[in-house]
Structure formats: C-alpha cells, structure tokens
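Read through the structure below, which is laid out as structure tokens, and then see the notes.
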Amino acid sequence: MQNDPIHSEDDAGRSAASMRSVELVVAGLIFALGLLVVSDSWRLGAGWAEDGPQAGYFPFYIGLLLCISSAVIFWRGLRDRHSAAQAFVTRGQFRMVLALLIPTLFYVLGIYFLGIYVSSILFVALFMVFLGKYHWLRSTLVALGVSVAFFLLFEVWFRVPLPKGPLEAALGLN
Amino acid sequence: MEEISALMHGFSVALSPFNLMLMLIGVVLGVIIGVLPGLGGANGVAILLPLTFAMPPTSGIIMLSCIYWGALFGGAITSILFNIPGEPWSVATTFDGYPLAQKGRAGAALTAAFTSSFIGALVAVVMITFLSPLIARFALQFGTPEFFSVYLLTFCAFVGMSKGKAMKTVAAMMIGFALAAVGLDTVTGQLRLTFGFTELLQGFDFLIAVIGLFGIGEILQTLEEGLAFKGVSAKLNMSVVMETWRELPRYWMTSIRSSLVGCFMGIVPGGATPASFMSYGIAKRFSNNGEAFGSGQIEGVVAPETAAHAAGTSALLPMLTLGVPGSPTAAVLLGGLLIWGLQPGPLLFVEQKDFVWGLIASMYLGNIAGLLVVLTMVPLFAAILRIPFAIIAPVILVICAIGAYTVHNSMLDVYLMVFFGIMGYVFKKLDYPLAPLVLALVLGDRAEASFRQAMLVSQGELGVFFSNGLVGSLTALALTLLFWPMLAAAWAGMRAGTLR
C-alpha cells in the first residue's frame, strides 16, 4: 500500500496501544458494569419476597458473575508479559479505523438534522473523495445513485418511512 | 411415515410462485451478503427482518432462511478467490481453497466447496425432517424447570467449549444477560437498570446489537488491512464442474465424517465456525495425503465446507423444537418468530404445522436454488468484491444505519448501533466471543422467566432442577459441560499418573 497516504507515513507500524493495556481497560469497564448491575439489583431487592423472587434476584447474580469474570481477566492480564509487548492496534491501523469511525459519527448525527437520504449522499460522496481519492463528480453520482435506490426501495416499494429532513420537506416528498 | 406426509404438505406450502420468488431473491441477496465484508448471515438477516413484517410469517421465514443459506454459500467465494473469509466459518476453507485458486484450479475449488456445502446442508435437513418432530413431541412434556435447564445447557456448553477463554465467554454472556435485563420487569412492574432514562424502558433490542457487533465491528476490522482486495479471477464452466463432480465421490468418507461433525456441532451450540475447523483437522489426520493439506487439496475444501453448512443448517433444529437457537443467525430468525407473533418451542409443531413444514420444505428447495445460483453466477459475485472498498464501506454503513433505524423507527437505535460496533471491534480483537453475548441477549428474558417460575413452584429450592430424572439429567449434563475443560484435564492427569 505505498500510494496510500494514510498507510505510507513512517510511524504507521508503531503500536498505538498494547494488547495488555486495552485488555485491562476493558476488564475494568466490565467490572464497573458488573458493580452497576449489582447495586441496582440490590436497590430493587435481590432476595425473596412473599410472592416469589424479587425483581433484582436474577440480575444480581448476573452482575456478580460479571465482576468475578472480569476480575479474573484483569488479574490474568496483569501477569501476562507477552501481551504487553503485543500491539492491540498499530498507529497506521488506528488511523484507518478513525478515518471510518469519525465520519460515521458525523453521519449518524447528520441523519437527525438532514434526514437519512441527504446525509447518506454527503457521507458516501465525501468518503469516496477524501479516502478513495475519486473525482468529485464520480463520487457525487455514485452517492446520488445509492440514495435514490434506497429511496425507491424503502419509501416506494416497501413503504417503510425513513427519517427525512428539510430537503425532502421542500421537495414535498414526505 | 407421518413425517413424509407432513413434509409433502410443506412442499405444497413452499411451492407457491410467491414463495419461490422470495426463495430466489433470498438466496441471491444472501450470497451478496456473504460476499460483502461487514455483512453476514446474522446482521444481514437482522437488517432485512423489518421488510418481512408485512409478509405472512411463512413467506417471511422462507426468505430470511434463504438469505442464510445464501450467506453460507457466499462465504466460500471470498475465501477461495480472495483469501478473505467472508464469514468466520469459511476461514478453514481458505487453507486449501486459496492455494488451489493460485494454482489455477479456482473453478474446481469453488465447485467442490458449493457441492460439499449442499451435501452438508442436505444431510442436516434430512436430520431436521425426521428428528425435529420427535424432539418437539418429547419437549411437549417439559415444564419450566426443564426449559430452564435446556437454557442452562446451552450457555454451559458455550463456556465449556470455549478453549482457554472460559472467563471471556462468561463475561460476554453476562453482558448479554445484563443488557437483556434492562427495562421494565414484566413480573413485578419495576424498572431495572434504566437509571431514570425513559428511552431505556423498552430495553436493548438484540437486532441493533447484532447489526452493530457483526456489521460495524467487522468493517472496522477489515479496514485495518487496508482498502484494496487482491483476488484471483475465476471461470466456472460446465466441464470444470463435471470434472470436479467426478472427483468428489472419492472423498465420501470425509463428507460423511464432516456432515456428522457439523450436525452435532450445530445442535449443541458450538456453531459452524468450530465445526469447520474441527472437521478440517479430522480430515487432515485421517486422510491418506494429510501432509499435503494446506497446499491446495480438494479434500481440504470439502471437509470444512460440508461441516460449516451442516452446522449452520442444523442450528435451526433446537431453534424450532425448543426455542433455543444454536447460532447468532438462528437467534435472529427466532427474534423474527417472536415479532411475527409465533411462540418458538415445541408447540409450533402442533399449532403452526404450515409454518414449520413450509420452512423445512423450503430448506430443501432453498439449498437446491442456492447451489444453482452460485454455480452459475460466480463471476457476478466475484465482481462485487472488485468494487473498491472506499465505495463499499460507506454504502454498507448506510445499509446498517437504515437497518438499525427500521427496527423501531428510532434514532437512538442508530447511535446504539455505532456504540455496539466499537464494542464489537474491541471485543473481537481481544478474543471475547460475540455469539454467547447475542444469544444471552435474545434468551435472557425467557431464561429468567423460566427460572423464576421454576423457583416459584419450588418456593426457592434449587433442588427443583434435580427433582425428576429428565430435568436432573439435563442439569447434570449442563454442569458437566460447564466444567468439561477441568474434568478433561483431571482425567488426562489421572491417566498420565497410572501410566507412569
């Protein structure tokens, strides 16, 4: 991938985070989730009422198992020297992942404001121009084609309404 | 033979022109889904599920299950031509499939893969035809303790069979259960784990989780490898097909073995992926030229493909008869049943004969259609993969977003999908299994309900799960599977001790 601007930078192979640190962070998050479940189940009552098990009876043990399993994973991760040297993701890979993830976040936020069709056009076209290095005209045509195809498929054929924004309102397509 | 007449009735249901059309659409869509990165059986079916809400349930399940068959076939195309497993269960197919393609025998490898898939599926469907009525009849005697012990068996099997990562399996599964518990508790009417957010009242929908975990997560992972696919081109003409078909009977023993491994692994919730690896390993060990495996042997394609397709198909057996899906895709189909207002479980075989037998008949027809479609349309599907990733990736994300939105017409689901996508990416890289998470999320409420009812009956005595022979042996089997790695290690230790 020599002509790929994202990959060709010289530090692309360096580790962005070690396997062990991500492992520990994730185990910690799962433990926190476990505590959350246990505490909320305790609040609801994790015992036995007159009419049977209380609302927190089942989730309480779920939370407990979450805590126990994540603690074991954390403990094993701490002692694992091998995974400390391993890369969870290299910088080059991480850049690729972010190059998709960040536009995706803007895209799903855009659906709320612009409707799904307009934001899909923008998302596909911009993605093709900036990451695929396509000509803007070709990108726009592909993006338009995709959105029109989805519009026909969902709104016309299957009659499933998707979120629409100001443009559709102006065109009277709502 | 009661089953034969029921099956004939099923064919009469499935053979309507409308259903045949859906079958064909389903298979073609399924192969495309199987070929595309980021779209697979589970999330493909999840995305298309809302489109079937308006159909009669039988037509809906026929189309969705055909998408699943298509995806099972499609995985082999990318493995052989591009060395990229389109689905996790076709990883083992790359071992010998890609070397064959490099040697210029791509057509033979593809024919072998498709034909073995078909044979694996056929064995599994025949098994489903004759075994499922028996199991359903047997399961009609089940009470709530029995049902809970079946759930327990499912989840314990996951833990016991997760080699060396039992704790991660438990953690992933419990996340699924915890997510399933969110929302209104139907028994007491109390709110659980909502923390004042009214949006969480309905809880988490597993379809959103499936689309995010398997869709976005896989796209992110594929992206790490870069934006280009390099593949071998394939021509598939009749003479190559006939030539390969003449060669295939030589591997009849491998086919039988792999079908059995696949059927077994599909019924117990091991799933298609371990079945394909296991079958490849067994074939390599028993084959006359086992050392040559990995250098491009037809037999090395036959073994994993037969097992994967047999497992993928037989995963529907426990889903239909007990309401316990054996794979994430079967779980999504089960979710479909619930949405269509059908209660999965043994009563289906009594109350919804048209539905059950229509589905089973469509399995025969769908796999025949699938074989014909893939054999004739390989160049078209390979061309899809040649579309640059910079176009495919955003389009697949748009499809995922639409799929997530249409489940409940809610924007929150789209945001959740992205969150699940990041989670899926991280979990996959850290080797947390996703299948138990999805299954726990699907079955969580039902497992809890059966547990509570059983506990109510017994007034809180856990002994109810050993109260009769049936439930006792199910529970004992579950616990054996749960502690299987430890038992196996102890047994090996004892044997080593006596030998010394």
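How things are named: the first chain in the structure tokens is A, the next is B, and so on; residues count from 1 in each chain; ligands count from 1 in the order shown.
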Using only C-alpha atoms, find each residue in chain A having at least one atom no more than 6 Å away from chain B; report its shortest atom-to-atom pair and that distance in Å (one decimal), rows by chain then rising number, as CSV.
residue,atom,partner,partner_atom,distance
A:Gly52,CA,B:Leu456,CA,5.6
A:Ile62,CA,B:Met174,CA,5.8
A:Leu66,CA,B:Ala171,CA,5.5
A:Ser69,CA,B:Met167,CA,5.3
A:Gln93,CA,B:Glu224,CA,4.8
A:Val97,CA,B:Leu220,CA,5.7
A:Val124,CA,B:Pro394,CA,5.4
A:Met128,CA,B:Ala390,CA,5.6
A:Gly132,CA,B:Ala390,CA,5.0
Mind dumping the selected residues with N, CA and C atoms as a PDB file, in the first residue's frame?
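New file again_25.pdb:
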ATOM      1  N   GLY A  52     -42.565 -14.464  45.766  1.00  0.00           N
ATOM      2  CA  GLY A  52     -41.562 -15.054  44.874  1.00  0.00           C
ATOM      3  C   GLY A  52     -40.317 -14.201  44.797  1.00  0.00           C
ATOM      4  N   ILE A  62     -26.151 -12.122  37.826  1.00  0.00           N
ATOM      5  CA  ILE A  62     -25.525 -11.748  36.555  1.00  0.00           C
ATOM      6  C   ILE A  62     -24.402 -10.752  36.827  1.00  0.00           C
ATOM      7  N   LEU A  66     -20.374 -11.030  36.354  1.00  0.00           N
ATOM      8  CA  LEU A  66     -19.622 -10.042  35.572  1.00  0.00           C
ATOM      9  C   LEU A  66     -18.391  -9.596  36.346  1.00  0.00           C
ATOM     10  N   SER A  69     -15.807 -12.629  36.661  1.00  0.00           N
ATOM     11  CA  SER A  69     -15.087 -12.983  35.433  1.00  0.00           C
ATOM     12  C   SER A  69     -14.142 -11.866  35.011  1.00  0.00           C
ATOM     13  N   GLN A  93      -3.008   1.374  11.488  1.00  0.00           N
ATOM     14  CA  GLN A  93      -4.328   0.751  11.535  1.00  0.00           C
ATOM     15  C   GLN A  93      -5.314   1.647  12.255  1.00  0.00           C
ATOM     16  N   VAL A  97      -8.933   3.105  11.084  1.00  0.00           N
ATOM     17  CA  VAL A  97     -10.179   2.877  11.814  1.00  0.00           C
ATOM     18  C   VAL A  97     -10.861   4.212  12.122  1.00  0.00           C
ATOM     19  N   VAL A 124     -21.360   9.175   1.640  1.00  0.00           N
ATOM     20  CA  VAL A 124     -20.747   8.344   0.598  1.00  0.00           C
ATOM     21  C   VAL A 124     -19.839   9.190  -0.288  1.00  0.00           C
ATOM     22  N   MET A 128     -15.740   8.867  -0.513  1.00  0.00           N
ATOM     23  CA  MET A 128     -15.076   8.484  -1.754  1.00  0.00           C
ATOM     24  C   MET A 128     -14.036   9.523  -2.164  1.00  0.00           C
ATOM     25  N   GLY A 132     -11.096   7.589  -0.865  1.00  0.00           N
ATOM     26  CA  GLY A 132     -10.892   6.790  -2.058  1.00  0.00           C
ATOM     27  C   GLY A 132     -10.201   7.541  -3.175  1.00  0.00           C
TER      28      GLY A 132
END
Please identify which residues in region 171-290 of chain B DSSP calls helix (DSSP H, G or I) from the backbone, and express them as a ChimeraX atom specification.
/B:171-181,198-202,206-224,238-267,272-286,290
Find the spatial neighbours of Leu317 (chain B), counting only C-alpha atoms, within a cut-off of 8 Å - ignore same-chain residues fewer than 4 positions away - and output them as a compact mmCIF listing (two decimals) with N, CA and C atoms, in the first residue's frame.
# COMPACT_ATOMS: atom_id res chain seq x y z
N ILE B 128 -33.16 -32.85 10.29
CA ILE B 128 -34.19 -31.98 10.87
C ILE B 128 -35.57 -32.55 10.58
N SER B 132 -36.74 -33.54 14.27
CA SER B 132 -37.39 -32.43 14.98
C SER B 132 -38.80 -32.78 15.49
N ILE B 267 -26.22 -28.60 16.57
CA ILE B 267 -27.30 -28.80 17.54
C ILE B 267 -26.86 -28.33 18.91
N THR B 313 -27.05 -25.28 9.17
CA THR B 313 -28.42 -25.72 8.95
C THR B 313 -29.01 -26.35 10.20
N THR B 321 -37.50 -26.56 17.64
CA THR B 321 -38.16 -27.50 18.55
C THR B 321 -38.18 -27.03 19.99
A straight line from CA of Gly212 (chain B) to CA of Leu441 (chain B) spans 13.7 Å
DSSP-assigned strand (DSSP E or B) members of region 136-353 of chain B, reported as a PyMOL selection string
chain B and resi 183-184+191-192
Just write the chosen residues, C-alpha atoms, as an mmCIF file, in the first residue's frame.
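Dumped everything to selection.cif:
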data_model
loop_
_atom_site.group_PDB
_atom_site.id
_atom_site.type_symbol
_atom_site.label_atom_id
_atom_site.label_comp_id
_atom_site.auth_asym_id
_atom_site.auth_seq_id
_atom_site.Cartn_x
_atom_site.Cartn_y
_atom_site.Cartn_z
ATOM 1 C CA GLY B 183 -36.130 -2.089 31.149
ATOM 2 C CA LEU B 184 -39.490 -2.926 32.604
ATOM 3 C CA LEU B 191 -37.837 -0.607 36.295
ATOM 4 C CA ARG B 192 -34.461 -2.296 36.155
#
Check the smallest atom-to-atom distance from each of A:Val72, A:Leu162, A:Leu98, A:Leu137 to Val118 (chain A) using only C-alpha atoms, then report the winner.
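Once distances to Val118 (chain A) are computed over only C-alpha atoms, the minimum belongs to A:Leu162.
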Which is closest to Phe155 (chain B) among B:Gly370, B:Gly472, B:Pro436, B:Pro133, if we use only C-alpha atoms?
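Looking only at the distances to Phe155 (chain B), the closest residue turns out to be B:Pro436.
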Write out as a ChimeraX atom specification each polymer residue whose atoms come within 9 Å of region 18-22 of chain A, counting only C-alpha atoms; drop sequence neighbours fewer than 2 positions from it.
/A:15-16,24-27,77-78,80-90 /B:426,429-430
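Coordinates place CA of Ala71 (chain A) at a distance of 6.8 Å from CA of Phe31 (chain A).
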Just checking: using only C-alpha atoms, which residue out of A:Phe127, A:Trp75, A:Trp157, A:Phe106 ends up closest to Thr140 (chain A)?
A:Phe127
